[in-house]
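Report on one structure; see the data block that follows.
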Amino acid sequence: MVNTLPDILLELKNLRTKFKTFDGEVRAADGIDLTVHKKEVLGILGESGCGKSVTALSIMRLIPSPPGEVHADKMELNGVELQSLTEKQMSKVRGNEISMIFQESFSALNPTFTIGEQLIDVLMLHQRLDRGAAFHKAIEALSLVQIPAAAKRLSDYPHQLSGGMRQRVMLAMACACTPSLLLADEPTTALDVTIQAQILELLRWLQSEKKIAIMLITHDLALMAEIAQRVAVLYAGVVVENASVQNLFTKPLHPYTQGLLASLPLLEAECERLKVIPGGVPNMLSLPDGCRFHPRCPHCWQICRQEEPPLFPQNGSEVRCWLFAREMK
Amino acid sequence: MSSLLEVRNLKKYFFLGKGAGKEQNGVVRAVDGISFTVKKCETLGLVGESGCGKSSAGRVILRLLTATAGEILYEGQNIEQLSHRELLPYRRKMQIIFQDQSGSLNPHLTIGNALGEPLRVHRLIYRKEELKAKVEHLLELVGLSPDQMCRYPHELSGGQRQRVALARALALNPQLIVCDEPVSALDVSIQAQIINLLKELQQKCGLTYIFIAHDLRVVKHISDRIAVMYLGKIVELSSKESLYARAKHPYTQALLASIPRLTPSVRRQPLIFSGEPPNPLNPPAGCHFHTRCPYAFARCAWEEPLLQAVDFDHSAACHLLDR
């Protein structure tokens, strides 16, 4: 795949998000580097507790402090360092430049206001529209996400809508101010397959037609294959593999990625037993020494137990595994 | 293979707003006349979108909910009519595991106590040492170490809790286990472990499963036969091979087409149908699916299709089959 490098939209270098707890310090994100290019879908893949949501919330500066603490060497959106912005400037960035949707569409919407009121609020605040203009823009936003009879829906409360509809409203709200980056945190996990397919279609349309870059956070490998262009695989707070989606599915490099792919039941073939990754995700309070994955890794050797590997470049991908160290071979 | 469980025209209606001083203002036909048989040692998959009645069906079969109508024959005995006392021996033979593993374990009980409880309730084991040995055996059976006995549920991970829930279900040597979305709340790498465990135990203990799920990948892997439900009715019932190769009902076809593929080069074709499931309080007349069906014609709107055989061990409910 020949790809002229599009411009960089978001650059994240060495993101470290820590939480102080009674049991000790949890490093939920422990040196995460990510780049999102304009108009692309970057997938963030990982199991629960690997730091994928924390990464998104850190970018939005929505981590409460205390107990959280966010540091990054670089967190630039369109060349603007987000960490240096004041709270007031940041709230302009949220919604206008970056917006976010969540898995739980029900708790993300306010149950005591109609969706119209909530949408109009967003538009009045971020775009400085008057109520009338915001009202028309809200209808437009709802029809954009293919909600039938949008004008009528404005006076509905969140509980009157189905899960799929609520997720559409969330999307409408997130995209009402045409941000350049949409952070989608497990947007389809709570939905049925048929509805999930519809929302995916919508995300794909927003990306190709509205030129919104999407950072899609999910644990679902198949979703990645459907929509992402590049994928970053997270494990216990670090990126273990960075690859184009083709590379990730045809030649996964990191033993963790390989294990994940092998553990999925296939539609096309029959097998008696699924291959499994032994063990479970490590406790973030007591991470293993060396490579974080080594207790579960089938290829583990001496150095894996002692030293944490850096990201090694390999055939256009990057992988955090000693197996790919040049000088070791 | 003989049949273990037979369900005949089972119905479960929920009446809304019925109660003291209230007018009845609606009926949800959660399960609306389903019939199927489950053979010994096989796995019947029950799939459908949320609200289609698959969980209600599972619970009615175990008599955790009372059926509105219909028969549940367990080894030929209609358990629908049995009194609480008469039902007890059957309770031992039928168990259930749930999706939410932390909600299904009592947070105040240690794992050992939780596993011992069914044995004490059914008065199978009295002596302490015997109970301890049995609990240890159960933990080993599901791949946990016996020293987990003194732990509390919150000290375990999600996967381990699901193993405990499974061990508790196995405590009474059941024949039938209803698995209500047992892996959907687990991480991908843990899902595979639990699925393998379920399959292993099925062979080791001769278990029969009713596997309720919405993930068609997982269902395909674990089931022998599959029933597809839509708004309280079974629209297609078939052996797994036949269903995935030659789905007859447009709804099944749509479900299968909605599964995201794992090959990024072959991305999905445009959707063949849109819309959301209708309100179960007020389902469409005729074929419930006709409002979303791309092939619907006049007859679908007024006449309800019945399940008819289309192949060996494969039946579907659709008017297209008559054309």
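Within each chain, counting starts at residue 1; across the structure tokens, chains are named A, B, ... in the order shown, with ligands numbered 1 upward in that order.
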Please extract the residues of range 234-325 of chain A with a backbone DSSP assignment of strand (DSSP E) and present them as a PyMOL selection string. chain A and resi 234-235+238-244+312-314+317-319
Could you write those residues out with N, CA and C atoms, as an mmCIF file, in the first residue's frame?
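selection-v4.cif, freshly written:
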```
data_model
loop_
_atom_site.group_PDB
_atom_site.id
_atom_site.type_symbol
_atom_site.label_atom_id
_atom_site.label_comp_id
_atom_site.auth_asym_id
_atom_site.auth_seq_id
_atom_site.Cartn_x
_atom_site.Cartn_y
_atom_site.Cartn_z
ATOM 1 N N LEU A 234 -2.138 -1.950 22.582
ATOM 2 C CA LEU A 234 -1.674 -1.584 23.921
ATOM 3 C C LEU A 234 -1.681 -2.797 24.830
ATOM 4 N N TYR A 235 -0.680 -2.881 25.689
ATOM 5 C CA TYR A 235 -0.680 -3.924 26.707
ATOM 6 C C TYR A 235 -0.101 -3.350 27.990
ATOM 7 N N VAL A 238 1.584 0.230 27.786
ATOM 8 C CA VAL A 238 2.535 0.597 26.732
ATOM 9 C C VAL A 238 2.038 0.117 25.372
ATOM 10 N N VAL A 239 2.542 0.774 24.309
ATOM 11 C CA VAL A 239 2.237 0.322 22.960
ATOM 12 C C VAL A 239 3.157 -0.846 22.653
ATOM 13 N N VAL A 240 2.612 -2.004 22.318
ATOM 14 C CA VAL A 240 3.483 -3.129 22.001
ATOM 15 C C VAL A 240 3.619 -3.332 20.499
ATOM 16 N N GLU A 241 2.675 -2.811 19.727
ATOM 17 C CA GLU A 241 2.810 -2.945 18.287
ATOM 18 C C GLU A 241 2.085 -1.809 17.595
ATOM 19 N N ASN A 242 2.749 -1.269 16.581
ATOM 20 C CA ASN A 242 2.212 -0.199 15.757
ATOM 21 C C ASN A 242 2.252 -0.698 14.338
ATOM 22 N N ALA A 243 1.122 -0.843 13.670
ATOM 23 C CA ALA A 243 1.192 -1.416 12.335
ATOM 24 C C ALA A 243 0.022 -0.939 11.500
ATOM 25 N N SER A 244 0.165 -1.040 10.189
ATOM 26 C CA SER A 244 -0.983 -0.808 9.334
ATOM 27 C C SER A 244 -1.922 -1.986 9.529
ATOM 28 N N PHE A 312 11.028 -1.736 18.301
ATOM 29 C CA PHE A 312 11.925 -2.000 17.187
ATOM 30 C C PHE A 312 11.172 -1.826 15.880
ATOM 31 N N PRO A 313 11.755 -1.137 14.897
ATOM 32 C CA PRO A 313 11.103 -1.067 13.591
ATOM 33 C C PRO A 313 11.262 -2.402 12.861
ATOM 34 N N GLN A 314 10.238 -2.807 12.163
ATOM 35 C CA GLN A 314 10.282 -4.088 11.459
ATOM 36 C C GLN A 314 9.283 -4.022 10.299
ATOM 37 N N SER A 317 6.404 -1.713 10.393
ATOM 38 C CA SER A 317 5.680 -1.702 11.659
ATOM 39 C C SER A 317 6.679 -1.420 12.777
ATOM 40 N N GLU A 318 6.139 -1.266 13.959
ATOM 41 C CA GLU A 318 7.008 -1.149 15.126
ATOM 42 C C GLU A 318 6.537 -2.171 16.132
ATOM 43 N N VAL A 319 7.492 -2.826 16.800
ATOM 44 C CA VAL A 319 7.083 -3.854 17.744
ATOM 45 C C VAL A 319 7.984 -3.819 18.972
#
```
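Distance criterion 7 Å to chain A, applied with only C-alpha atoms, yields Glu49, Ser50, Asp187, Val188, Ser189, Ala192, Gln193, Asn196, Arg217, Val218, His221, Leu255, Ser258, Ile259, Pro260, Arg261, Leu262, Thr263, Pro264 and Arg267 of chain B on chain B.
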Would you mind reading off the distance between CA of Tyr90 in chain B and CA of Glu129 in chain B, one decimal, in Å?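 Those two atoms sit 27.0 Å apart.
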Selection: 12 Å around Lys52 in chain A, only C-alpha atoms, excl. self and same-chain fewer than 4 positions, as a VMD selection string: chain A and resid 15 17 28 to 30 32 34 43 to 48 56 to 59 183 to 186 215 to 219 232 to 239
Pick out each residue of range 102-310 of chain B that DSSP on the backbone tags as helix (DSSP H, G or I); I need them as a PyMOL selection string. chain B and resi 102-104+111-121+128-141+146-150+153-155+158-170+188-205+216-222+240-245+250-258+298-302
Skip Ser56 in chain B itself and residues of its chain fewer than 2 positions away, then list as a ChimeraX atom specification all residues within 12 Å of it, counting only C-alpha atoms. /B:10-14,28-32,34,46,50-54,58-68,178,180,212,229,231-233
Spatial neighbours of range 147-152 of chain A, max dist 9 Å, only C-alpha atoms, sep filter under 2 positions, as a PyMOL selection string: chain A and resi 116+136+138-145+154-156+165+168-169
As a ChimeraX atom specification, please: the residues near range 87-96 of chain A (cut-off 12 Å, only C-alpha atoms, same-chain neighbours under 3 positions excluded). /A:57,59-62,76-78,80-84,99-101,119,121-128,170-183,212
Using Å and a single decimal, report how far CA of Pro182 in chain B sits from CA of Ile194 in chain B.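 Between these atoms lies a distance of 8.4 Å.
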